file target.txt (compact mmCIF, C-alpha atoms and all ligand atoms)
# COMPACT_ATOMS: atom_id res chain seq x y z
CA MET G 302 0.00 0.00 0.00
CA GLY G 303 1.48 3.40 -0.99
CA THR G 304 1.79 6.36 1.33
CA VAL G 305 -1.06 8.84 1.18
CA GLN G 306 0.45 12.01 -0.23
CA HIS G 307 -2.54 14.33 -0.29
CA ILE G 308 -3.91 15.80 2.93
CA LEU G 309 -7.27 17.59 2.82
CA PHE G 310 -7.90 20.03 5.66
CA GLY G 311 -11.49 20.67 6.74
CA ARG G 312 -14.80 19.00 7.54
CA PHE G 313 -17.20 17.59 4.97
CA LEU G 314 -19.93 19.74 6.47
CA SER G 315 -18.29 22.51 4.43
CA PRO G 316 -19.55 22.27 0.84
CA TYR G 317 -16.23 23.75 -0.32
CA VAL G 318 -14.24 21.04 1.46
CA ARG G 319 -16.70 18.42 0.27
CA ARG G 320 -16.53 19.37 -3.42
CA VAL G 321 -12.76 18.96 -3.25
CA ALA G 322 -13.15 15.57 -1.51
CA VAL G 323 -15.62 14.36 -4.16
CA SER G 324 -13.33 15.59 -6.95
CA LEU G 325 -10.34 13.78 -5.44
CA ASN G 326 -12.49 10.65 -5.40
CA VAL G 327 -13.60 11.15 -9.01
CA TYR G 328 -9.95 11.35 -10.01
CA GLY G 329 -9.03 8.34 -7.87
CA ILE G 330 -6.54 10.33 -5.77
CA ASP G 331 -6.13 8.90 -2.26
CA PHE G 332 -6.18 11.49 0.48
CA GLU G 333 -6.16 11.76 4.23
CA GLN G 334 -8.58 14.13 5.92
CA ARG G 335 -7.37 16.45 8.71
CA ILE G 336 -10.38 17.78 10.48
CA ILE G 337 -10.22 21.46 11.24
CA SER G 338 -13.51 23.02 12.10
CA ALA G 339 -14.67 26.13 10.21
CA VAL G 340 -15.60 27.56 13.61
CA GLY G 341 -13.11 27.78 16.47
CA ASP G 342 -9.60 26.39 15.83
CA GLU G 343 -8.67 29.77 14.33
CA ALA G 344 -4.95 29.51 15.04
CA GLU G 345 -4.85 26.10 13.38
CA ARG G 346 -6.69 27.39 10.31
CA GLU G 347 -4.55 30.53 10.06
CA ALA G 348 -1.38 28.40 10.18
CA ILE G 349 -2.52 26.81 6.93
CA ASN G 350 -4.29 29.75 5.30
CA PRO G 351 -3.61 33.34 6.48
CA VAL G 352 -7.27 34.23 6.09
CA GLY G 353 -8.27 31.21 8.19
CA ARG G 354 -10.50 29.36 5.75
CA VAL G 355 -10.79 25.75 4.67
CA PRO G 356 -10.41 23.79 2.45
CA ALA G 357 -6.66 23.50 2.01
CA LEU G 358 -4.90 20.63 0.27
CA GLN G 359 -1.34 19.55 0.92
CA ILE G 360 0.07 17.99 -2.23
CA PRO G 361 3.00 15.56 -2.60
CA SER G 362 5.57 18.38 -3.10
CA GLY G 363 4.65 19.63 0.39
CA GLU G 364 2.94 22.78 -0.97
CA VAL G 365 -0.39 23.65 0.61
CA LEU G 366 -3.00 24.85 -1.87
CA ILE G 367 -5.81 27.07 -0.59
CA ASP G 368 -9.30 27.94 -1.88
CA SER G 369 -11.42 25.21 -3.44
CA ALA G 370 -11.40 26.78 -6.92
CA ALA G 371 -7.59 26.87 -7.00
CA ILE G 372 -7.40 23.32 -5.65
CA LEU G 373 -9.87 22.04 -8.26
CA ASP G 374 -7.94 23.82 -11.01
CA HIS G 375 -4.81 21.96 -9.90
CA LEU G 376 -6.62 18.61 -9.81
CA ASP G 377 -7.95 19.18 -13.33
CA GLU G 378 -4.40 19.95 -14.45
CA ILE G 379 -2.72 16.90 -12.91
CA ALA G 380 -5.50 14.33 -13.28
CA GLY G 381 -7.96 15.65 -15.86
CA ALA G 382 -5.94 14.71 -18.98
CA GLN G 383 -8.44 14.82 -21.85
CA ASN G 384 -11.40 14.73 -19.51
CA PRO G 385 -11.20 17.45 -16.83
CA LEU G 386 -14.16 18.11 -14.53
CA ILE G 387 -14.23 21.68 -15.93
CA PRO G 388 -13.91 21.71 -19.74
CA ARG G 389 -10.71 23.45 -20.86
CA THR G 390 -12.06 25.71 -23.59
CA GLY G 391 -15.00 27.22 -25.38
CA ALA G 392 -18.70 27.45 -24.67
CA ASN G 393 -18.67 24.30 -22.54
CA ARG G 394 -16.10 25.93 -20.23
CA ARG G 395 -17.99 29.24 -20.08
CA ASN G 396 -21.24 27.44 -19.28
CA ALA G 397 -19.59 25.30 -16.59
CA LEU G 398 -18.01 28.38 -14.96
CA ARG G 399 -21.34 30.22 -14.94
CA ARG G 400 -23.11 27.25 -13.32
CA ILE G 401 -20.34 26.88 -10.75
CA ALA G 402 -20.44 30.62 -10.00
CA ILE G 403 -24.20 30.40 -9.39
CA ALA G 404 -23.83 27.28 -7.23
CA THR G 405 -20.98 28.74 -5.13
CA GLY G 406 -22.89 32.04 -4.88
CA ALA G 407 -25.93 30.14 -3.61
CA ILE G 408 -23.71 28.25 -1.14
CA ASP G 409 -22.36 31.59 0.16
CA ARG G 410 -25.90 32.95 0.52
CA SER G 411 -27.07 29.84 2.39
CA MET G 412 -24.06 30.02 4.74
CA ALA G 413 -24.67 33.72 5.38
CA ALA G 414 -28.35 32.99 6.08
CA ASN G 415 -27.32 30.32 8.57
CA ALA G 416 -25.01 32.80 10.33
CA GLU G 417 -27.75 35.46 10.32
CA ARG G 418 -30.32 33.26 12.03
CA ARG G 419 -27.76 32.25 14.68
CA ARG G 420 -27.24 35.83 15.82
CA PRO G 421 -28.75 36.74 19.19
CA THR G 422 -32.47 37.42 18.69
CA GLU G 423 -32.15 41.16 19.33
CA GLN G 424 -29.50 41.48 16.60
CA GLN G 425 -31.29 39.44 13.97
CA ASP G 426 -32.27 41.14 10.73
CA SER G 427 -35.21 39.19 9.32
CA ALA G 428 -35.27 41.23 6.08
CA ARG G 429 -31.62 40.29 5.47
CA LEU G 430 -32.32 36.64 6.29
CA ASP G 431 -35.24 36.61 3.82
CA ARG G 432 -33.11 38.24 1.11
CA LEU G 433 -30.26 35.74 1.58
CA LEU G 434 -32.63 32.77 1.43
CA ARG G 435 -34.43 34.21 -1.61
CA GLN G 436 -31.16 34.78 -3.47
CA ALA G 437 -29.94 31.26 -2.68
CA GLN G 438 -33.23 29.85 -3.96
CA GLN G 439 -33.10 32.08 -7.04
CA GLY G 440 -29.65 30.71 -7.83
CA TYR G 441 -30.86 27.15 -7.54
CA GLY G 442 -33.96 28.17 -9.53
CA GLU G 443 -31.80 29.11 -12.52
CA LEU G 444 -29.83 25.86 -12.18
CA GLU G 445 -33.11 23.91 -12.00
CA ARG G 446 -34.28 25.38 -15.33
CA ASP G 447 -30.84 25.00 -16.90
CA LEU G 448 -30.60 21.30 -15.94
CA GLY G 449 -34.11 20.50 -17.20
CA ASP G 450 -34.48 16.80 -17.90
CA LYS G 451 -30.79 16.27 -18.72
CA GLU G 452 -28.93 13.69 -16.62
CA PHE G 453 -26.08 16.15 -15.96
CA PHE G 454 -25.64 19.81 -16.90
CA ASP G 455 -23.37 19.01 -19.81
CA GLY G 456 -25.11 15.85 -20.94
CA ALA G 457 -24.22 12.31 -19.94
CA GLN G 458 -21.08 12.84 -17.88
CA MET G 459 -20.73 14.31 -14.39
CA GLY G 460 -18.64 17.48 -14.29
CA GLN G 461 -17.69 20.07 -11.67
CA ALA G 462 -20.95 22.00 -12.16
CA ASP G 463 -22.85 18.85 -11.13
CA VAL G 464 -20.53 18.15 -8.19
CA THR G 465 -20.70 21.70 -6.83
CA CYS G 466 -24.44 21.97 -7.38
CA ALA G 467 -25.15 18.63 -5.69
CA VAL G 468 -23.00 19.37 -2.62
CA GLY G 469 -24.65 22.81 -2.42
CA VAL G 470 -28.19 21.38 -2.60
CA SER G 471 -27.40 18.74 0.03
CA PHE G 472 -25.84 21.39 2.28
CA PHE G 473 -28.81 23.80 1.95
CA ASN G 474 -31.30 21.05 2.72
CA HIS G 475 -29.09 19.95 5.64
CA ILE G 476 -28.97 23.36 7.32
CA PHE G 477 -32.45 24.54 6.22
CA PRO G 478 -34.44 21.29 5.88
CA GLY G 479 -36.97 21.43 3.04
CA SER G 480 -35.56 24.65 1.54
CA LEU G 481 -35.16 22.92 -1.83
CA ALA G 482 -38.15 20.60 -1.96
CA GLY G 483 -38.66 18.03 -4.70
CA GLN G 484 -41.96 19.62 -5.79
CA SER G 485 -40.27 22.93 -6.65
CA PHE G 486 -36.80 21.69 -7.65
CA PRO G 487 -37.45 18.22 -9.15
CA ASN G 488 -34.50 18.28 -11.54
CA LEU G 489 -31.96 19.41 -8.95
CA ILE G 490 -33.23 16.88 -6.40
CA ARG G 491 -32.98 14.10 -9.03
CA LEU G 492 -29.40 15.17 -9.84
CA THR G 493 -28.48 15.40 -6.16
CA ILE G 494 -29.88 11.97 -5.31
CA ALA G 495 -28.07 10.44 -8.29
CA CYS G 496 -24.80 12.07 -7.18
CA GLU G 497 -25.22 11.20 -3.50
CA ASN G 498 -25.74 7.55 -4.49
CA ARG G 499 -22.32 7.42 -6.13
CA PRO G 500 -19.35 6.17 -4.07
CA GLU G 501 -17.43 9.40 -4.76
CA PHE G 502 -20.12 11.18 -2.72
CA PHE G 503 -21.36 8.68 -0.15
CA SER G 504 -17.82 7.90 1.00
CA VAL G 505 -17.50 11.56 2.09
CA PRO G 506 -20.86 12.25 3.80
CA ILE G 507 -21.75 15.62 5.33
CA SER G 508 -20.36 15.44 8.84
N1 LIG P 1 -13.85 30.72 -1.57
C1 LIG P 1 -13.47 29.78 -0.54
C2 LIG P 1 -14.54 29.74 0.53
C3 LIG P 1 -14.12 28.87 1.69
C4 LIG P 1 -15.02 29.05 2.89
O1 LIG P 1 -15.93 29.90 2.92
N2 LIG P 1 -14.77 28.23 3.89
C5 LIG P 1 -15.52 28.30 5.13
C6 LIG P 1 -16.10 26.94 5.46
S1 LIG P 1 -17.36 26.48 4.32
C7 LIG P 1 -14.60 28.69 6.25
O2 LIG P 1 -13.47 28.25 6.33
N3 LIG P 1 -15.11 29.52 7.14
C8 LIG P 1 -14.40 29.92 8.32
C9 LIG P 1 -14.29 31.39 8.44
O3 LIG P 1 -14.68 32.10 7.47
O4 LIG P 1 -13.81 31.84 9.47
C10 LIG P 1 -13.25 28.41 -1.16
O5 LIG P 1 -13.86 28.13 -2.20
O6 LIG P 1 -12.46 27.61 -0.63

call {"tool": "encode", "arguments": {"input": "target.txt", "output": "C-alpha cells"}}
result
Amino acid sequence: MGTVQHILFGRFLSPYVRRVAVSLNVYGIDFEQRIISAVGDEAEREAINPVGRVPALQIPSGEVLIDSAAILDHLDEIAGAQNPLIPRTGANRRNALRRIAIATGAIDRSMAANAERRRPTEQQDSARLDRLLRQAQQGYGELERDLGDKEFFDGAQMGQADVTCAVGVSFFNHIFPGSLAGQSFPNLIRLTIACENRPEFFSVPIS
C-alpha cells in the first residue's frame, strides 16, 4: 500500500471542502482528511491559510494549496488529462463556470443565512435573512431550469458543475431542511440523489 500524499484540511460539512473531496475521489486520488472546524480552531486554520479558511490541500511536493477553486484547477491539471471536470475551452467551459459561479454564490448565501439566524435574537435582521434565502433559492432556480431533464448539466457525464451543485443542494437542505423541496426543484433533487448515491459522494458524507 502506498503512502497517502494528499492531505485535505477541513470538515465535509463545508460544501467547499466536500466538493474537493468528491473531486479527489472522481480522479481516484487517495487522500487523508485532517479535520479542522470552520468555527473555532482559528490559530490552526490561520497556520494553513492566512485568512483562516478551509479547504486547504497539501500535495506531494509539500505545498499547501488554498481555496477550493484553485485546488480544483490543480486537480484538473494533474489528473484531468483529456477529460477534466471543468472543460478546458470554449462554450462548454464558459457554461460550466457560470453554473459553478451560481452554485458557489448560492452556497455563500445559504451560509450567510445560517449565520444570520444564529445571531442573538435582538441582533437578527429578518429582512436580510429573507433576502439571503431568496437569493440562494433564485440561484438554484436558474440551475433547476438550466438542468431541465438532462442527466447532468453538460449531458451524460458528471462534471464540476454537477458536483458543486449537488453538494450545495445537500448542504442547503441539511442546514435549512426542506428549503429545496422536490416539488419545486425536481430536476436538482434528481441530480443530487443520483450524485449522492455514487461512491465518490457517499464515502464523504456531510459530517
Ligand atoms: N472561496 C473559498 C470559501 C471557503 C469558505 O468559505 N470556507 C468556510 C467553510 S465552508 C470557512 O473556512 N469559514 C471559516 C471562516 O470564514 O472563518 C473556497 O472556495 O475555498

call {"tool": "residues_near_ligand", "arguments": {"input": "target.txt", "ligand": "ligand LIG 1 (chain P)", "cutoff": "6 Å", "atoms": "all atoms listed in the file", "output": "list in words"}}
result
Ser315, Pro316, Tyr317, Ala339, Val340, Gly353, Arg354, Val355, Pro356, Asp368, Ser369 and Ala370 of chain G

call {"tool": "axis_aligned_box", "arguments": {"input": "target.txt", "around": "segment 365-374 of chain G", "padding_each_side": "8 Å", "output": "AutoDock Vina command-line options"}}
result
--center_x -5.9 --center_y 25.0 --center_z -5.2 --size_x 27.0 --size_y 21.9 --size_z 27.6

call {"tool": "closest_residue", "arguments": {"input": "target.txt", "among": "G:Ile330, G:Ile337, G:Val505, G:Ala416", "to": "Pro361 of chain G", "atoms": "all atoms listed in the file"}}
result
G:Ile330

call {"tool": "residues_around", "arguments": {"input": "target.txt", "residues": "segment 394-409 of chain G", "least_positions_apart": "3", "cutoff": "9 Å", "atoms": "all atoms listed in the file", "output": "short mmCIF file (atom, residue, chain, number, x, y, z; two decimals) with C-alpha atoms, in the frame of the given file"}}
result
data_model
loop_
_atom_site.label_atom_id
_atom_site.label_comp_id
_atom_site.auth_asym_id
_atom_site.auth_seq_id
_atom_site.Cartn_x
_atom_site.Cartn_y
_atom_site.Cartn_z
CA PRO G 316 -19.55 22.27 0.84
CA TYR G 317 -16.23 23.75 -0.32
CA ILE G 387 -14.23 21.68 -15.93
CA PRO G 388 -13.91 21.71 -19.74
CA ARG G 389 -10.71 23.45 -20.86
CA THR G 390 -12.06 25.71 -23.59
CA GLY G 391 -15.00 27.22 -25.38
CA MET G 412 -24.06 30.02 4.74
CA ALA G 413 -24.67 33.72 5.38
CA ALA G 414 -28.35 32.99 6.08
CA LEU G 433 -30.26 35.74 1.58
CA LEU G 434 -32.63 32.77 1.43
CA GLN G 436 -31.16 34.78 -3.47
CA ALA G 437 -29.94 31.26 -2.68
CA GLN G 438 -33.23 29.85 -3.96
CA GLN G 439 -33.10 32.08 -7.04
CA GLY G 440 -29.65 30.71 -7.83
CA TYR G 441 -30.86 27.15 -7.54
CA GLU G 443 -31.80 29.11 -12.52
CA LEU G 444 -29.83 25.86 -12.18
CA ASP G 447 -30.84 25.00 -16.90
CA PHE G 454 -25.64 19.81 -16.90
CA ASP G 455 -23.37 19.01 -19.81
CA GLY G 460 -18.64 17.48 -14.29
CA GLN G 461 -17.69 20.07 -11.67
CA ALA G 462 -20.95 22.00 -12.16
CA ASP G 463 -22.85 18.85 -11.13
CA THR G 465 -20.70 21.70 -6.83
CA CYS G 466 -24.44 21.97 -7.38
CA ALA G 467 -25.15 18.63 -5.69
CA GLY G 469 -24.65 22.81 -2.42
CA VAL G 470 -28.19 21.38 -2.60
CA PHE G 472 -25.84 21.39 2.28
CA PHE G 473 -28.81 23.80 1.95
#

call {"tool": "atom_distance", "arguments": {"input": "target.txt", "atom1": "atom CA of Gly449 of chain G", "atom2": "atom CA of Glu497 of chain G"}}
result
18.8 Å

call {"tool": "residues_around", "arguments": {"input": "target.txt", "residues": "Arg418 of chain G", "least_positions_apart": "6", "cutoff": "10 Å", "atoms": "only C-alpha atoms", "output": "PyMOL selection string"}}
result
chain G and resi 424-427+429-430

call {"tool": "atom_distance", "arguments": {"input": "target.txt", "atom1": "atom CA of Arg432 of chain G", "atom2": "atom CA of Leu481 of chain G"}}
result
15.7 Å

call {"tool": "closest_residue", "arguments": {"input": "target.txt", "among": "G:Ile360, G:Leu492, G:Gly341, G:Glu333", "to": "Ala457 of chain G", "atoms": "all atoms listed in the file"}}
result
G:Leu492

call {"tool": "atom_distance", "arguments": {"input": "target.txt", "atom1": "atom CA of Pro500 of chain G", "atom2": "atom CA of Ala392 of chain G"}}
result
29.6 Å

call {"tool": "closest_residue", "arguments": {"input": "target.txt", "among": "G:Ala348, G:Arg410, G:Ser471, G:Pro506", "to": "Arg491 of chain G", "atoms": "only C-alpha atoms"}}
result
G:Ser471

call {"tool": "residues_around", "arguments": {"input": "target.txt", "residues": "Gly483 of chain G", "least_positions_apart": "3", "cutoff": "12 Å", "atoms": "all atoms listed in the file", "output": "PyMOL selection string"}}
result
chain G and resi 445+470+474+478-480+486-494

call {"tool": "closest_residue", "arguments": {"input": "target.txt", "among": "G:Ala371, G:Leu386, G:Leu325, G:Ala482", "to": "Phe502 of chain G", "atoms": "only C-alpha atoms"}}
result
G:Leu325

call {"tool": "residues_around", "arguments": {"input": "target.txt", "residues": "Arg319 of chain G", "least_positions_apart": "5", "cutoff": "8 Å", "atoms": "all atoms listed in the file", "output": "list in words"}}
result
Arg312, Phe313, Leu314, Val468, Val505 and Ile507 of chain G

call {"tool": "decode", "arguments": {"input": "target.txt", "residues": "segment 370-411 of chain G", "atoms": "N, CA and C atoms", "output": "PDB file, in the first residue's frame"}}
result
ATOM      1  N   ALA G 370     -11.495  26.605  -5.469  1.00  0.00           N
ATOM      2  CA  ALA G 370     -11.401  26.784  -6.923  1.00  0.00           C
ATOM      3  C   ALA G 370      -9.962  26.549  -7.399  1.00  0.00           C
ATOM      4  N   ALA G 371      -8.991  27.059  -6.624  1.00  0.00           N
ATOM      5  CA  ALA G 371      -7.588  26.874  -7.004  1.00  0.00           C
ATOM      6  C   ALA G 371      -7.189  25.409  -6.865  1.00  0.00           C
ATOM      7  N   ILE G 372      -7.717  24.754  -5.843  1.00  0.00           N
ATOM      8  CA  ILE G 372      -7.400  23.324  -5.647  1.00  0.00           C
ATOM      9  C   ILE G 372      -7.974  22.503  -6.812  1.00  0.00           C
ATOM     10  N   LEU G 373      -9.226  22.804  -7.171  1.00  0.00           N
ATOM     11  CA  LEU G 373      -9.869  22.042  -8.257  1.00  0.00           C
ATOM     12  C   LEU G 373      -9.162  22.287  -9.584  1.00  0.00           C
ATOM     13  N   ASP G 374      -8.681  23.506  -9.790  1.00  0.00           N
ATOM     14  CA  ASP G 374      -7.943  23.821 -11.005  1.00  0.00           C
ATOM     15  C   ASP G 374      -6.680  22.947 -11.084  1.00  0.00           C
ATOM     16  N   HIS G 375      -6.010  22.801  -9.946  1.00  0.00           N
ATOM     17  CA  HIS G 375      -4.805  21.964  -9.900  1.00  0.00           C
ATOM     18  C   HIS G 375      -5.164  20.502 -10.182  1.00  0.00           C
ATOM     19  N   LEU G 376      -6.243  20.014  -9.579  1.00  0.00           N
ATOM     20  CA  LEU G 376      -6.621  18.613  -9.805  1.00  0.00           C
ATOM     21  C   LEU G 376      -6.954  18.366 -11.271  1.00  0.00           C
ATOM     22  N   ASP G 377      -7.654  19.322 -11.898  1.00  0.00           N
ATOM     23  CA  ASP G 377      -7.954  19.177 -13.333  1.00  0.00           C
ATOM     24  C   ASP G 377      -6.647  19.107 -14.123  1.00  0.00           C
ATOM     25  N   GLU G 378      -5.668  19.924 -13.715  1.00  0.00           N
ATOM     26  CA  GLU G 378      -4.396  19.954 -14.454  1.00  0.00           C
ATOM     27  C   GLU G 378      -3.629  18.630 -14.316  1.00  0.00           C
ATOM     28  N   ILE G 379      -3.566  18.102 -13.081  1.00  0.00           N
ATOM     29  CA  ILE G 379      -2.717  16.901 -12.909  1.00  0.00           C
ATOM     30  C   ILE G 379      -3.453  15.607 -13.245  1.00  0.00           C
ATOM     31  N   ALA G 380      -4.785  15.610 -13.128  1.00  0.00           N
ATOM     32  CA  ALA G 380      -5.496  14.334 -13.277  1.00  0.00           C
ATOM     33  C   ALA G 380      -6.561  14.355 -14.372  1.00  0.00           C
ATOM     34  N   GLY G 381      -6.843  15.539 -14.919  1.00  0.00           N
ATOM     35  CA  GLY G 381      -7.961  15.654 -15.863  1.00  0.00           C
ATOM     36  C   GLY G 381      -7.636  15.157 -17.257  1.00  0.00           C
ATOM     37  N   ALA G 382      -6.346  15.123 -17.631  1.00  0.00           N
ATOM     38  CA  ALA G 382      -5.935  14.709 -18.978  1.00  0.00           C
ATOM     39  C   ALA G 382      -6.914  15.238 -20.027  1.00  0.00           C
ATOM     40  N   GLN G 383      -7.503  14.362 -20.802  1.00  0.00           N
ATOM     41  CA  GLN G 383      -8.435  14.815 -21.847  1.00  0.00           C
ATOM     42  C   GLN G 383      -9.827  15.078 -21.293  1.00  0.00           C
ATOM     43  N   ASN G 384     -10.037  14.727 -20.021  1.00  0.00           N
ATOM     44  CA  ASN G 384     -11.405  14.735 -19.513  1.00  0.00           C
ATOM     45  C   ASN G 384     -11.515  15.451 -18.164  1.00  0.00           C
ATOM     46  N   PRO G 385     -11.170  16.742 -18.121  1.00  0.00           N
ATOM     47  CA  PRO G 385     -11.204  17.452 -16.834  1.00  0.00           C
ATOM     48  C   PRO G 385     -12.631  17.690 -16.364  1.00  0.00           C
ATOM     49  N   LEU G 386     -12.802  17.867 -15.062  1.00  0.00           N
ATOM     50  CA  LEU G 386     -14.156  18.113 -14.532  1.00  0.00           C
ATOM     51  C   LEU G 386     -14.700  19.456 -15.015  1.00  0.00           C
ATOM     52  N   ILE G 387     -13.799  20.429 -15.275  1.00  0.00           N
ATOM     53  CA  ILE G 387     -14.225  21.679 -15.930  1.00  0.00           C
ATOM     54  C   ILE G 387     -13.609  21.676 -17.328  1.00  0.00           C
ATOM     55  N   PRO G 388     -14.454  21.744 -18.381  1.00  0.00           N
ATOM     56  CA  PRO G 388     -13.906  21.711 -19.742  1.00  0.00           C
ATOM     57  C   PRO G 388     -12.846  22.803 -19.927  1.00  0.00           C
ATOM     58  N   ARG G 389     -11.837  22.516 -20.759  1.00  0.00           N
ATOM     59  CA  ARG G 389     -10.707  23.448 -20.859  1.00  0.00           C
ATOM     60  C   ARG G 389     -10.992  24.672 -21.706  1.00  0.00           C
ATOM     61  N   THR G 390     -11.865  24.580 -22.666  1.00  0.00           N
ATOM     62  CA  THR G 390     -12.056  25.709 -23.590  1.00  0.00           C
ATOM     63  C   THR G 390     -13.521  25.859 -23.995  1.00  0.00           C
ATOM     64  N   GLY G 391     -13.773  27.022 -24.620  1.00  0.00           N
ATOM     65  CA  GLY G 391     -14.997  27.218 -25.384  1.00  0.00           C
ATOM     66  C   GLY G 391     -16.275  27.384 -24.566  1.00  0.00           C
ATOM     67  N   ALA G 392     -17.381  27.229 -25.283  1.00  0.00           N
ATOM     68  CA  ALA G 392     -18.698  27.450 -24.673  1.00  0.00           C
ATOM     69  C   ALA G 392     -18.949  26.499 -23.514  1.00  0.00           C
ATOM     70  N   ASN G 393     -18.459  25.257 -23.635  1.00  0.00           N
ATOM     71  CA  ASN G 393     -18.675  24.304 -22.540  1.00  0.00           C
ATOM     72  C   ASN G 393     -17.996  24.790 -21.259  1.00  0.00           C
ATOM     73  N   ARG G 394     -16.801  25.394 -21.413  1.00  0.00           N
ATOM     74  CA  ARG G 394     -16.099  25.930 -20.230  1.00  0.00           C
ATOM     75  C   ARG G 394     -16.864  27.137 -19.666  1.00  0.00           C
ATOM     76  N   ARG G 395     -17.266  28.047 -20.567  1.00  0.00           N
ATOM     77  CA  ARG G 395     -17.989  29.240 -20.080  1.00  0.00           C
ATOM     78  C   ARG G 395     -19.261  28.820 -19.342  1.00  0.00           C
ATOM     79  N   ASN G 396     -19.992  27.871 -19.917  1.00  0.00           N
ATOM     80  CA  ASN G 396     -21.244  27.435 -19.278  1.00  0.00           C
ATOM     81  C   ASN G 396     -20.979  26.794 -17.922  1.00  0.00           C
ATOM     82  N   ALA G 397     -19.922  25.961 -17.864  1.00  0.00           N
ATOM     83  CA  ALA G 397     -19.593  25.298 -16.586  1.00  0.00           C
ATOM     84  C   ALA G 397     -19.231  26.359 -15.540  1.00  0.00           C
ATOM     85  N   LEU G 398     -18.430  27.358 -15.937  1.00  0.00           N
ATOM     86  CA  LEU G 398     -18.008  28.379 -14.959  1.00  0.00           C
ATOM     87  C   LEU G 398     -19.194  29.206 -14.480  1.00  0.00           C
ATOM     88  N   ARG G 399     -20.143  29.475 -15.370  1.00  0.00           N
ATOM     89  CA  ARG G 399     -21.339  30.216 -14.939  1.00  0.00           C
ATOM     90  C   ARG G 399     -22.138  29.382 -13.918  1.00  0.00           C
ATOM     91  N   ARG G 400     -22.337  28.113 -14.238  1.00  0.00           N
ATOM     92  CA  ARG G 400     -23.107  27.248 -13.318  1.00  0.00           C
ATOM     93  C   ARG G 400     -22.403  27.133 -11.970  1.00  0.00           C
ATOM     94  N   ILE G 401     -21.090  26.998 -12.010  1.00  0.00           N
ATOM     95  CA  ILE G 401     -20.338  26.877 -10.748  1.00  0.00           C
ATOM     96  C   ILE G 401     -20.413  28.187  -9.970  1.00  0.00           C
ATOM     97  N   ALA G 402     -20.349  29.317 -10.685  1.00  0.00           N
ATOM     98  CA  ALA G 402     -20.441  30.620 -10.001  1.00  0.00           C
ATOM     99  C   ALA G 402     -21.803  30.769  -9.321  1.00  0.00           C
ATOM    100  N   ILE G 403     -22.864  30.315 -10.000  1.00  0.00           N
ATOM    101  CA  ILE G 403     -24.197  30.401  -9.386  1.00  0.00           C
ATOM    102  C   ILE G 403     -24.273  29.459  -8.181  1.00  0.00           C
ATOM    103  N   ALA G 404     -23.757  28.244  -8.346  1.00  0.00           N
ATOM    104  CA  ALA G 404     -23.825  27.276  -7.234  1.00  0.00           C
ATOM    105  C   ALA G 404     -23.006  27.762  -6.034  1.00  0.00           C
ATOM    106  N   THR G 405     -21.795  28.270  -6.274  1.00  0.00           N
ATOM    107  CA  THR G 405     -20.983  28.741  -5.129  1.00  0.00           C
ATOM    108  C   THR G 405     -21.597  30.016  -4.541  1.00  0.00           C
ATOM    109  N   GLY G 406     -22.192  30.847  -5.399  1.00  0.00           N
ATOM    110  CA  GLY G 406     -22.887  32.037  -4.878  1.00  0.00           C
ATOM    111  C   GLY G 406     -24.047  31.634  -3.984  1.00  0.00           C
ATOM    112  N   ALA G 407     -24.796  30.623  -4.414  1.00  0.00           N
ATOM    113  CA  ALA G 407     -25.929  30.143  -3.606  1.00  0.00           C
ATOM    114  C   ALA G 407     -25.426  29.527  -2.305  1.00  0.00           C
ATOM    115  N   ILE G 408     -24.299  28.817  -2.375  1.00  0.00           N
ATOM    116  CA  ILE G 408     -23.712  28.255  -1.143  1.00  0.00           C
ATOM    117  C   ILE G 408     -23.366  29.395  -0.184  1.00  0.00           C
ATOM    118  N   ASP G 409     -22.726  30.447  -0.704  1.00  0.00           N
ATOM    119  CA  ASP G 409     -22.355  31.587   0.155  1.00  0.00           C
ATOM    120  C   ASP G 409     -23.602  32.222   0.785  1.00  0.00           C
ATOM    121  N   ARG G 410     -24.658  32.360  -0.016  1.00  0.00           N
ATOM    122  CA  ARG G 410     -25.900  32.946   0.519  1.00  0.00           C
ATOM    123  C   ARG G 410     -26.498  32.052   1.608  1.00  0.00           C
ATOM    124  N   SER G 411     -26.484  30.742   1.383  1.00  0.00           N
ATOM    125  CA  SER G 411     -27.075  29.845   2.395  1.00  0.00           C
ATOM    126  C   SER G 411     -26.233  29.854   3.671  1.00  0.00           C
TER     127      SER G 411
END
